[in-house]
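Structure below is upload_9.txt: compact mmCIF, C-alpha atoms.
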```
# COMPACT_ATOMS: atom_id res chain seq x y z
CA MET A 1 -36.75 -34.37 3.27
CA ALA A 2 -36.96 -32.62 -0.09
CA LEU A 3 -34.71 -34.04 -2.81
CA ILE A 4 -32.84 -31.10 -4.32
CA GLU A 5 -29.60 -30.52 -6.16
CA TYR A 6 -26.50 -29.36 -4.30
CA ARG A 7 -26.55 -26.00 -6.06
CA GLU A 8 -30.22 -25.54 -5.28
CA ALA A 9 -29.40 -26.07 -1.61
CA LEU A 10 -26.76 -23.36 -1.84
CA ASN A 11 -29.18 -21.10 -3.65
CA GLN A 12 -31.74 -21.53 -0.89
CA ALA A 13 -29.13 -20.81 1.77
CA PHE A 14 -28.05 -17.59 0.04
CA ALA A 15 -31.63 -16.40 -0.39
CA GLU A 16 -32.42 -17.08 3.25
CA GLU A 17 -29.27 -15.31 4.44
CA ILE A 18 -29.89 -12.28 2.19
CA GLU A 19 -33.38 -12.06 3.64
CA ARG A 20 -32.15 -12.53 7.21
CA ASP A 21 -29.20 -10.13 7.28
CA PRO A 22 -29.01 -6.84 5.34
CA ASN A 23 -25.22 -7.02 5.44
CA VAL A 24 -25.03 -10.21 3.39
CA VAL A 25 -23.92 -9.58 -0.18
CA LEU A 26 -23.03 -12.14 -2.85
CA MET A 27 -20.02 -11.33 -5.02
CA GLY A 28 -18.07 -13.06 -7.72
CA GLU A 29 -17.48 -13.41 -11.39
CA GLU A 30 -20.77 -13.86 -13.26
CA VAL A 31 -22.80 -14.46 -10.10
CA ALA A 32 -25.38 -11.77 -10.91
CA GLN A 33 -26.71 -11.25 -14.42
CA TYR A 34 -25.47 -14.60 -15.70
CA ASP A 35 -26.90 -16.45 -12.66
CA GLY A 36 -23.49 -17.89 -11.83
CA ALA A 37 -21.08 -19.90 -13.91
CA TYR A 38 -22.73 -23.03 -12.49
CA LYS A 39 -26.15 -21.44 -11.91
CA VAL A 40 -25.72 -21.60 -8.16
CA THR A 41 -27.08 -18.06 -7.85
CA ARG A 42 -29.89 -18.52 -10.37
CA GLY A 43 -32.59 -15.90 -9.97
CA LEU A 44 -31.02 -14.12 -7.00
CA TRP A 45 -29.90 -10.99 -8.87
CA LYS A 46 -33.34 -10.57 -10.42
CA LYS A 47 -34.97 -10.98 -7.04
CA TYR A 48 -32.60 -8.99 -4.82
CA GLY A 49 -30.99 -6.54 -7.23
CA ASP A 50 -27.62 -4.93 -7.79
CA LYS A 51 -26.85 -4.14 -4.18
CA ARG A 52 -27.10 -7.67 -2.84
CA VAL A 53 -25.77 -9.69 -5.79
CA VAL A 54 -22.71 -8.19 -7.47
CA ASP A 55 -20.67 -9.14 -10.51
CA THR A 56 -16.96 -8.49 -10.01
CA PRO A 57 -14.20 -7.81 -12.51
CA ILE A 58 -11.89 -10.72 -13.28
CA SER A 59 -9.25 -10.38 -10.60
CA GLU A 60 -9.55 -12.74 -7.68
CA ALA A 61 -6.78 -11.07 -5.72
CA ALA A 62 -8.52 -7.72 -5.95
CA PHE A 63 -12.12 -8.73 -5.35
CA ILE A 64 -11.43 -11.23 -2.58
CA GLY A 65 -9.34 -8.58 -0.88
CA MET A 66 -12.15 -6.13 -1.40
CA GLY A 67 -14.53 -8.54 0.29
CA VAL A 68 -12.11 -8.88 3.21
CA GLY A 69 -11.95 -5.10 3.61
CA ALA A 70 -15.73 -4.81 3.42
CA SER A 71 -16.16 -7.54 6.03
CA MET A 72 -13.84 -5.64 8.37
CA LEU A 73 -16.41 -2.85 8.27
CA GLY A 74 -19.25 -5.23 9.11
CA LEU A 75 -20.49 -6.53 5.79
CA ARG A 76 -20.85 -10.28 5.37
CA PRO A 77 -19.71 -10.96 1.83
CA VAL A 78 -20.20 -14.39 0.30
CA MET A 79 -17.58 -14.56 -2.41
CA GLU A 80 -17.55 -17.12 -5.21
CA LEU A 81 -14.33 -18.38 -6.71
CA MET A 82 -15.24 -19.86 -10.07
CA PHE A 83 -12.62 -22.51 -9.36
CA TRP A 84 -10.81 -22.97 -6.08
CA SER A 85 -7.65 -23.23 -8.15
CA PHE A 86 -7.87 -19.45 -8.35
CA ALA A 87 -7.08 -19.33 -4.66
CA THR A 88 -3.47 -19.38 -5.77
CA VAL A 89 -3.75 -15.87 -7.18
CA THR A 90 -5.53 -14.54 -4.10
CA TYR A 91 -3.61 -16.59 -1.57
CA ASP A 92 -2.21 -13.50 0.13
CA GLN A 93 -5.66 -12.03 0.67
CA ILE A 94 -7.08 -15.27 2.04
CA VAL A 95 -4.13 -16.27 4.20
CA ASN A 96 -2.58 -13.00 5.34
CA ASN A 97 -5.56 -10.68 5.41
CA ALA A 98 -8.72 -12.75 5.96
CA GLY A 99 -6.93 -15.29 8.12
CA GLN A 100 -4.64 -13.07 10.14
CA VAL A 101 -6.36 -9.72 10.64
CA ARG A 102 -7.89 -10.95 13.87
CA TYR A 103 -4.48 -11.84 15.22
CA MET A 104 -2.75 -8.77 13.83
CA SER A 105 -5.32 -6.47 15.41
CA GLY A 106 -5.24 -8.16 18.80
CA GLY A 107 -8.81 -9.33 18.33
CA LEU A 108 -10.16 -5.89 17.48
CA ILE A 109 -11.10 -6.61 13.87
CA ASN A 110 -13.38 -9.42 12.76
CA CYS A 111 -13.54 -10.79 9.26
CA PRO A 112 -16.94 -12.46 8.72
CA ILE A 113 -16.41 -13.51 5.12
CA VAL A 114 -17.35 -16.70 3.28
CA ILE A 115 -15.31 -17.66 0.24
CA ARG A 116 -16.81 -20.56 -1.63
CA GLY A 117 -16.69 -22.41 -4.91
CA PRO A 118 -16.03 -25.73 -6.56
CA ALA A 119 -12.74 -27.56 -6.14
CA ASN A 120 -12.44 -30.57 -8.30
CA GLY A 121 -10.41 -32.80 -10.52
CA GLY A 122 -11.48 -35.00 -13.36
CA THR A 123 -13.93 -32.61 -14.96
CA GLY A 124 -11.83 -31.85 -18.00
CA VAL A 125 -11.05 -28.25 -17.16
CA GLY A 126 -7.29 -28.59 -17.29
CA ALA A 127 -4.58 -28.92 -14.71
CA THR A 128 -4.61 -25.28 -13.63
CA HIS A 129 -8.35 -25.44 -12.85
CA SER A 130 -8.38 -28.83 -11.14
CA HIS A 131 -6.69 -28.26 -7.82
CA THR A 132 -8.29 -29.13 -4.52
CA PRO A 133 -6.53 -26.58 -2.32
CA GLU A 134 -8.83 -26.84 0.67
CA ASN A 135 -6.28 -29.00 2.44
CA TRP A 136 -3.59 -26.38 1.89
CA LEU A 137 -5.76 -23.71 3.47
CA ALA A 138 -6.86 -25.94 6.32
CA ALA A 139 -3.32 -25.65 7.68
CA ILE A 140 -3.65 -21.89 8.10
CA PRO A 141 -4.59 -20.52 11.54
CA GLY A 142 -7.60 -18.25 11.45
CA LEU A 143 -9.30 -19.91 8.50
CA LYS A 144 -12.12 -22.39 8.84
CA VAL A 145 -12.31 -24.81 5.93
CA VAL A 146 -15.33 -26.99 5.25
CA SER A 147 -16.01 -29.36 2.41
CA ALA A 148 -19.69 -30.24 2.47
CA ALA A 149 -20.43 -33.72 1.20
CA THR A 150 -24.20 -33.40 0.85
CA ALA A 151 -26.71 -30.79 -0.19
CA TYR A 152 -28.07 -30.86 3.37
CA ASP A 153 -24.66 -30.06 4.82
CA ALA A 154 -23.94 -27.43 2.18
CA LYS A 155 -27.05 -25.48 3.05
CA GLY A 156 -26.65 -25.91 6.78
CA LEU A 157 -23.01 -24.89 6.85
CA HIS A 158 -23.74 -21.70 4.93
CA GLU A 159 -26.22 -20.80 7.63
CA ASP A 160 -23.93 -21.64 10.51
CA ARG A 161 -24.15 -18.71 12.92
CA HIS A 162 -21.31 -19.77 15.16
CA PRO A 163 -18.61 -21.32 13.06
CA MET B 1 2.04 -0.29 8.91
CA HIS B 2 1.28 -1.56 12.38
CA TYR B 3 -1.67 0.63 13.33
CA PHE B 4 -4.81 -1.34 14.14
CA ALA B 5 -7.37 0.82 15.92
CA PRO B 6 -10.80 0.38 14.38
CA ASP B 7 -12.32 2.72 16.97
CA LYS B 8 -10.17 5.45 15.42
CA ASN B 9 -10.77 4.25 11.86
CA TYR B 10 -7.25 2.88 11.54
CA TRP B 11 -7.83 -0.41 9.78
CA GLY B 12 -4.38 -1.75 9.98
CA GLY B 13 -1.02 -2.05 8.47
CA HIS B 14 -0.67 -5.16 6.42
CA GLY B 15 2.64 -6.87 6.22
CA ILE B 16 2.60 -8.04 2.63
CA VAL B 17 3.25 -4.80 0.84
CA GLY B 18 0.69 -3.99 -1.80
CA GLY B 19 -1.80 -6.42 -0.31
CA GLN B 20 -3.55 -3.63 1.54
CA THR B 21 -4.92 -1.89 -1.51
CA PRO B 22 -7.90 -4.24 -2.05
CA LEU B 23 -8.72 -3.90 1.64
CA GLY B 24 -8.89 -0.15 1.23
CA LEU B 25 -11.24 -0.62 -1.67
CA GLY B 26 -13.34 -3.01 0.41
CA LEU B 27 -13.59 -0.50 3.24
CA ALA B 28 -14.71 2.11 0.74
CA TYR B 29 -17.22 -0.34 -0.65
CA GLY B 30 -18.49 -0.98 2.86
CA LEU B 31 -18.93 2.76 3.45
CA LYS B 32 -20.95 3.07 0.30
CA TYR B 33 -22.97 -0.06 1.01
CA LYS B 34 -23.91 1.24 4.44
CA GLY B 35 -24.70 4.69 3.10
CA LEU B 36 -22.02 6.36 5.21
CA LYS B 37 -20.40 9.58 4.04
CA GLY B 38 -16.78 8.62 4.26
CA ALA B 39 -13.63 7.96 2.33
CA ALA B 40 -11.06 5.20 2.64
CA LEU B 41 -7.49 6.45 2.39
CA CYS B 42 -5.07 3.77 1.29
CA PHE B 43 -1.32 4.37 1.25
CA LEU B 44 1.31 2.45 -0.64
CA GLY B 45 4.76 2.84 -2.07
CA ARG B 46 5.30 3.08 -5.76
CA ARG B 47 7.34 0.00 -6.42
CA ARG B 48 4.98 -2.19 -4.47
CA GLY B 49 2.05 -0.90 -6.43
CA GLU B 50 3.49 -1.50 -9.85
CA PRO B 51 2.65 -5.17 -10.31
CA GLY B 52 -0.90 -6.30 -10.54
CA LEU B 53 -3.29 -5.02 -7.99
CA LEU B 54 -2.84 -1.30 -8.40
CA LEU B 55 -3.76 -1.69 -12.04
CA ARG B 56 -6.93 -3.45 -11.06
CA GLU B 57 -8.29 -1.32 -8.31
CA PRO B 58 -9.02 1.80 -10.31
CA GLN B 59 -11.11 -0.51 -12.48
CA HIS B 60 -12.85 -1.94 -9.45
CA GLY B 61 -13.23 1.47 -7.89
CA GLY B 62 -14.68 2.76 -11.11
CA ALA B 63 -16.98 -0.21 -11.43
CA PHE B 64 -18.32 0.18 -7.93
CA ARG B 65 -17.93 3.97 -7.77
CA ALA B 66 -16.76 3.27 -4.31
CA SER B 67 -13.61 4.79 -3.17
CA CYS B 68 -11.13 7.52 -2.59
CA ARG B 69 -7.55 6.41 -2.44
CA LEU B 70 -4.41 8.36 -1.89
CA ARG B 71 -1.22 6.98 -3.20
CA HIS B 72 1.96 7.65 -1.39
CA ARG B 73 5.07 7.17 -3.41
CA GLU B 74 8.55 6.64 -2.17
CA GLN B 75 11.14 7.46 -4.69
CA GLN B 76 13.91 5.04 -5.38
CA ILE B 77 13.20 2.71 -2.52
CA LEU B 78 14.86 -0.27 -4.06
CA ASP B 79 18.28 -0.96 -2.75
CA GLY B 80 21.01 -0.35 -5.21
CA HIS B 81 19.24 2.36 -7.14
CA GLN B 82 21.03 5.61 -7.44
CA PRO B 83 18.71 8.39 -6.41
CA ARG B 84 17.79 9.92 -9.71
CA ALA B 85 15.01 11.92 -8.16
CA PHE B 86 15.56 14.57 -5.60
CA VAL B 87 13.57 17.40 -4.23
CA GLY B 88 12.58 19.61 -7.10
CA ARG B 89 13.10 16.97 -9.79
CA ARG B 90 10.72 14.21 -10.79
CA PRO B 91 10.96 10.92 -12.60
CA VAL B 92 8.47 10.11 -15.31
CA PRO B 93 5.13 9.56 -13.59
CA ARG B 94 4.28 6.15 -14.95
CA ALA B 95 1.44 5.65 -12.52
CA ALA B 96 -0.02 8.91 -13.69
CA ARG B 97 -0.90 7.29 -16.98
CA ARG B 98 -3.26 4.80 -15.37
CA GLY B 99 -6.15 6.92 -14.38
CA VAL B 100 -4.15 8.90 -11.88
CA LEU B 101 -5.74 12.24 -11.35
CA HIS B 102 -3.22 14.22 -9.38
CA ARG B 103 0.44 14.48 -8.67
CA VAL B 104 1.88 16.39 -5.79
CA GLY B 105 5.51 17.15 -5.47
CA SER B 106 6.64 19.88 -7.77
CA GLY B 107 7.36 23.47 -7.04
CA GLN B 108 8.56 25.19 -3.96
CA ARG B 109 8.18 23.73 -0.49
CA ARG B 110 5.27 25.91 0.36
CA GLY B 111 3.59 25.01 -2.91
CA ARG B 112 4.03 21.30 -2.24
CA LEU B 113 2.41 21.47 1.16
CA ARG B 114 -0.45 23.52 -0.11
CA GLY B 115 -0.80 21.27 -3.12
CA ALA B 116 -0.94 18.17 -0.95
CA ARG B 117 -3.59 19.73 1.23
CA ARG B 118 -5.66 20.93 -1.69
CA ARG B 119 -5.49 17.64 -3.58
CA ARG B 120 -6.42 15.66 -0.50
CA LYS B 121 -9.42 17.87 0.09
CA GLN B 122 -10.52 17.53 -3.52
CA ALA B 123 -10.20 13.75 -3.37
CA ILE B 124 -12.21 13.41 -0.18
CA GLU B 125 -14.94 15.70 -1.46
CA ARG B 126 -15.06 13.66 -4.67
CA ALA B 127 -15.48 10.49 -2.61
CA HIS B 128 -18.10 12.07 -0.37
CA ASN B 129 -20.17 13.64 -3.09
CA GLU B 130 -19.63 11.42 -6.13
CA SER B 131 -18.41 8.06 -4.73
CA LYS B 132 -15.51 8.15 -7.15
CA PRO B 133 -11.90 7.07 -6.63
CA THR B 134 -8.88 9.31 -6.75
CA VAL B 135 -5.24 8.39 -6.93
CA ILE B 136 -2.70 10.92 -5.76
CA GLU B 137 0.98 10.40 -6.30
CA PHE B 138 3.25 12.16 -3.86
CA ASP B 139 6.93 12.70 -4.33
CA THR B 140 8.62 11.71 -1.11
CA TYR B 141 12.07 10.79 0.08
CA ARG B 142 13.36 8.29 2.58
CA TYR B 143 16.67 8.37 4.32
CA TYR B 144 17.28 4.72 5.03
CA GLY B 145 16.23 1.22 3.99
CA HIS B 146 12.96 -0.23 5.15
CA SER B 147 14.36 -2.13 8.10
CA VAL B 148 17.61 -3.01 9.76
CA ALA B 149 17.41 -6.32 7.91
CA ASP B 150 17.80 -4.59 4.56
CA ALA B 151 21.17 -4.40 2.95
CA LYS B 152 22.59 -0.91 3.14
CA HIS B 153 20.06 0.06 5.76
CA LYS B 154 22.37 2.85 6.71
CA GLY B 155 25.66 3.94 5.35
CA GLY B 156 25.03 3.19 1.70
CA TYR B 157 21.35 3.52 0.97
CA ARG B 158 21.97 7.24 0.67
CA GLN B 159 25.15 9.20 0.66
CA GLU B 160 25.49 11.06 3.93
CA GLU B 161 26.19 14.28 2.08
CA GLU B 162 22.94 13.89 0.17
CA ILE B 163 20.97 13.41 3.35
CA GLU B 164 22.57 16.44 4.93
CA GLN B 165 21.80 18.47 1.85
CA LEU B 166 18.18 17.40 1.96
CA GLN B 167 17.82 18.05 5.64
CA GLU B 168 19.21 21.49 5.20
CA ALA B 169 17.13 22.35 2.16
CA ALA B 170 13.81 20.62 2.60
CA ARG B 171 13.21 19.22 6.02
CA PRO B 172 9.55 19.40 6.83
CA ASP B 173 9.75 21.58 9.90
CA PRO B 174 10.72 24.89 8.26
CA ALA B 175 8.58 23.99 5.27
CA LEU B 176 5.58 23.66 7.52
CA GLN B 177 6.39 26.90 9.27
CA GLU B 178 6.68 28.67 5.98
CA ALA B 179 3.34 27.35 4.82
CA ALA B 180 1.66 27.96 8.11
CA TRP B 181 2.70 31.57 8.35
CA SER B 182 2.02 32.36 4.75
CA PRO B 183 -0.49 35.06 3.82
CA LYS B 184 -3.23 32.42 3.91
CA LYS B 185 -2.26 31.34 7.42
CA VAL B 186 -3.15 27.73 7.94
CA LEU B 187 -1.88 27.74 11.51
CA SER B 188 -1.28 30.42 14.07
CA GLU B 189 2.12 30.57 15.68
CA GLU B 190 0.61 29.37 18.93
CA GLN B 191 -1.01 26.38 17.23
CA TYR B 192 2.26 25.51 15.61
CA GLU B 193 4.14 25.70 18.89
CA ALA B 194 1.53 23.45 20.55
CA ILE B 195 1.81 20.82 17.81
CA ASP B 196 5.57 20.98 17.95
CA ALA B 197 5.62 20.54 21.73
CA GLU B 198 3.26 17.57 21.54
CA ALA B 199 5.34 15.95 18.81
CA GLN B 200 8.53 16.45 20.79
CA GLY B 201 6.89 14.74 23.76
CA ARG B 202 5.78 11.78 21.69
CA GLY B 203 9.23 11.32 20.33
CA THR B 204 10.78 10.95 23.72
CA THR B 205 8.08 9.00 25.56
CA PRO B 206 8.32 5.23 25.17
CA PRO B 207 5.01 3.94 23.77
CA ARG B 208 4.96 0.89 25.98
CA THR B 209 6.83 -0.94 28.66
CA SER B 210 9.94 -2.58 27.38
CA PRO B 211 10.00 -6.39 27.27
CA GLN B 212 12.66 -6.43 29.97
CA ASP B 213 10.25 -4.77 32.39
CA SER B 214 7.28 -7.03 31.62
CA PRO B 215 6.53 -10.19 33.52
CA ILE B 216 6.94 -13.47 31.67
CA PRO B 217 3.47 -14.38 30.30
CA THR B 218 1.81 -17.49 31.59
CA VAL B 219 0.89 -20.45 29.45
CA GLU B 220 -2.77 -19.83 30.23
CA SER B 221 -2.58 -16.35 28.69
CA ILE B 222 -1.64 -17.64 25.27
CA PHE B 223 -5.09 -17.05 23.78
CA GLU B 224 -5.71 -13.69 25.42
CA ASP B 225 -6.48 -10.87 23.01
CA VAL B 226 -6.68 -13.31 20.14
CA TYR B 227 -10.34 -14.28 19.96
CA PHE B 228 -12.57 -11.26 20.31
CA GLU B 229 -15.71 -13.27 20.95
CA VAL B 230 -14.11 -15.41 23.63
CA ASP B 231 -12.49 -12.49 25.40
CA ARG B 232 -15.72 -10.53 25.50
CA GLN B 233 -18.01 -13.51 25.90
CA THR B 234 -20.28 -12.59 23.02
CA GLU B 235 -22.98 -15.02 21.98
CA ALA B 236 -20.59 -16.51 19.45
CA GLY B 237 -17.88 -16.64 22.08
CA ARG B 238 -20.11 -18.56 24.44
CA THR B 239 -21.49 -21.00 21.91
CA GLY B 240 -18.98 -21.27 19.08
CA ARG B 241 -16.05 -23.59 18.69
CA PHE B 242 -12.72 -21.82 18.85
CA PHE B 243 -10.25 -24.31 20.24
CA PHE B 244 -9.36 -27.86 19.40
CA ASN B 245 -10.79 -29.21 22.63
CA ASP B 246 -14.15 -27.42 22.29
```
Entire entry expressed as structure tokens:
Amino acid sequence: MALIEYREALNQAFAEEIERDPNVVLMGEEVAQYDGAYKVTRGLWKKYGDKRVVDTPISEAAFIGMGVGASMLGLRPVMELMFWSFATVTYDQIVNNAGQVRYMSGGLINCPIVIRGPANGGTGVGATHSHTPENWLAAIPGLKVVSAATAYDAKGLHEDRHP
Amino acid sequence: MHYFAPDKNYWGGHGIVGGQTPLGLGLAYGLKYKGLKGAALCFLGRRRGEPGLLLREPQHGGAFRASCRLRHREQQILDGHQPRAFVGRRPVPRAARRGVLHRVGSGQRRGRLRGARRRRKQAIERAHNESKPTVIEFDTYRYYGHSVADAKHKGGYRQEEEIEQLQEAARPDPALQEAAWSPKKVLSEEQYEAIDAEAQGRGTTPPRTSPQDSPIPTVESIFEDVYFEVDRQTEAGRTGRFFFND
């Protein structure tokens, strides 16, 4: 098995999914021209262009909600939160819209969206950027929460067709 | 609120007021991404749009050149506010300073209806042809509080005399007639009568069986109409994991 970094595994998964499905689009703050705040999306914007890799304005509530709306129409957005702490400002979009639209619509509307990013403490980024809110969200019906421990799992889970 | 019918392009009412505006933008983005000639119409009340997201979405819409949005404003919807705005008078259009392009609400009844129709058409054409967003602010009026749970739902939210005055002066039915039979005839008298008859029928026909007439659901039916893939046995429904015991 190749020995690669965690972010390289993610990068490979995104490239393979962009190639596989024309509805996959990467979105987030600095994911395109800057190659990602953590260089997870390095080279993808140059390779796939503006349509498939999109920089968003700085408003998690707005752009995550936008991704949810786009996914309702059949797109498969992969949204990066620069820190999962920012889930607090887009909690309504994740919980009430992404998580519940299937239930609210009686199963008529799907929401095939992936929201991903680092959640961590101890990296010196301050208390408001150090939450690990995946356990909060795991309690919400309609959301599937995964926390990949290895690069192998991280790549494989991003390519899971039947989550 | 409450309309989910994707086959009719109704993408839902969303319970947390104001939270629907990014979804509207996302639907518009999806239209543009797929190369479809369409426009997403997103409705919201004024007070709910004031904080946060409404300020952002014109920026997003501009950045992505994605969307057409219509803004529906309800005047004085907060309990306890005295109605300072009434038909024919307008409060200061604060939203109009944030990239809002159009306001509809002034003038005579006929002018308002025509204005609403004209502005809507302009906005949709702008979305179709230029992929640019539009915000339209309508002056509207509501009789009662949002729900029976609200304080002053009836008997205090508005003064009864005020409501009667409004109904006499500006109820939509004669306003529509006036507009329809104007020199530019939007509707024929026969068309109007047909619409009116259909609307009257809808108002008196219960939309669904009342709970008292329905059988008690079984325990086994608890997941029905919840998981699309499972109900329709799609590939994901046959092979995915949806329940705790899968």
Provide as a VMD selection string the residues of chain B at most 6 Å from chain A, counting all atoms listed in the file.
chain B and resid 4 22 to 23 25 to 27 30 225 to 228 236 240
Once 5 Å is added on each side, what centre and edge lengths in Å to one decimal does the axis-aligned box around all listed atoms of range 143-155 of chain A have, as AutoDock Vina command-line options?
```
--center_x -18.7 --center_y -26.8 --center_z 4.3 --size_x 28.8 --size_y 23.8 --size_z 19.0
```
Between CA of Glu80 in chain A and CA of Ala40 in chain B, what is the spacing in Å?
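Distance reported for this atom pair: 24.5 Å.
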CA of Phe138 in chain B to CA of Thr21 in chain B: how many Å, to one decimal?
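It comes out at 16.4 Å.
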CA of Cys42 in chain B and CA of Asp21 in chain A are how many Å apart?
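It comes out at 28.5 Å.
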Residue contacts of Ala37 in chain A (12 Å, all atoms listed in the file) excluding same-chain residues fewer than 5 positions away, as JSON, numbers by chain:
{"A": [7, 28, 29, 30, 31, 32, 42, 55, 80, 81, 82, 83, 117, 118]}
Write out as a tab-separated table (two decimals) with C-alpha atoms, in the coordinates of the input which residues come within 12 Å of Asn135 in chain A when counting all atoms listed in the file, dropping same-chain ones fewer than 2 positions away.
```
chain	number	residue	atom	x	y	z
A	84	TRP	CA	-10.81	-22.97	-6.08
A	119	ALA	CA	-12.74	-27.56	-6.14
A	131	HIS	CA	-6.69	-28.26	-7.82
A	132	THR	CA	-8.29	-29.13	-4.52
A	133	PRO	CA	-6.53	-26.58	-2.32
A	137	LEU	CA	-5.76	-23.71	3.47
A	138	ALA	CA	-6.86	-25.94	6.32
A	139	ALA	CA	-3.32	-25.65	7.68
A	140	ILE	CA	-3.65	-21.89	8.10
A	143	LEU	CA	-9.30	-19.91	8.50
A	144	LYS	CA	-12.12	-22.39	8.84
A	145	VAL	CA	-12.31	-24.81	5.93
A	146	VAL	CA	-15.33	-26.99	5.25
A	147	SER	CA	-16.01	-29.36	2.41
```
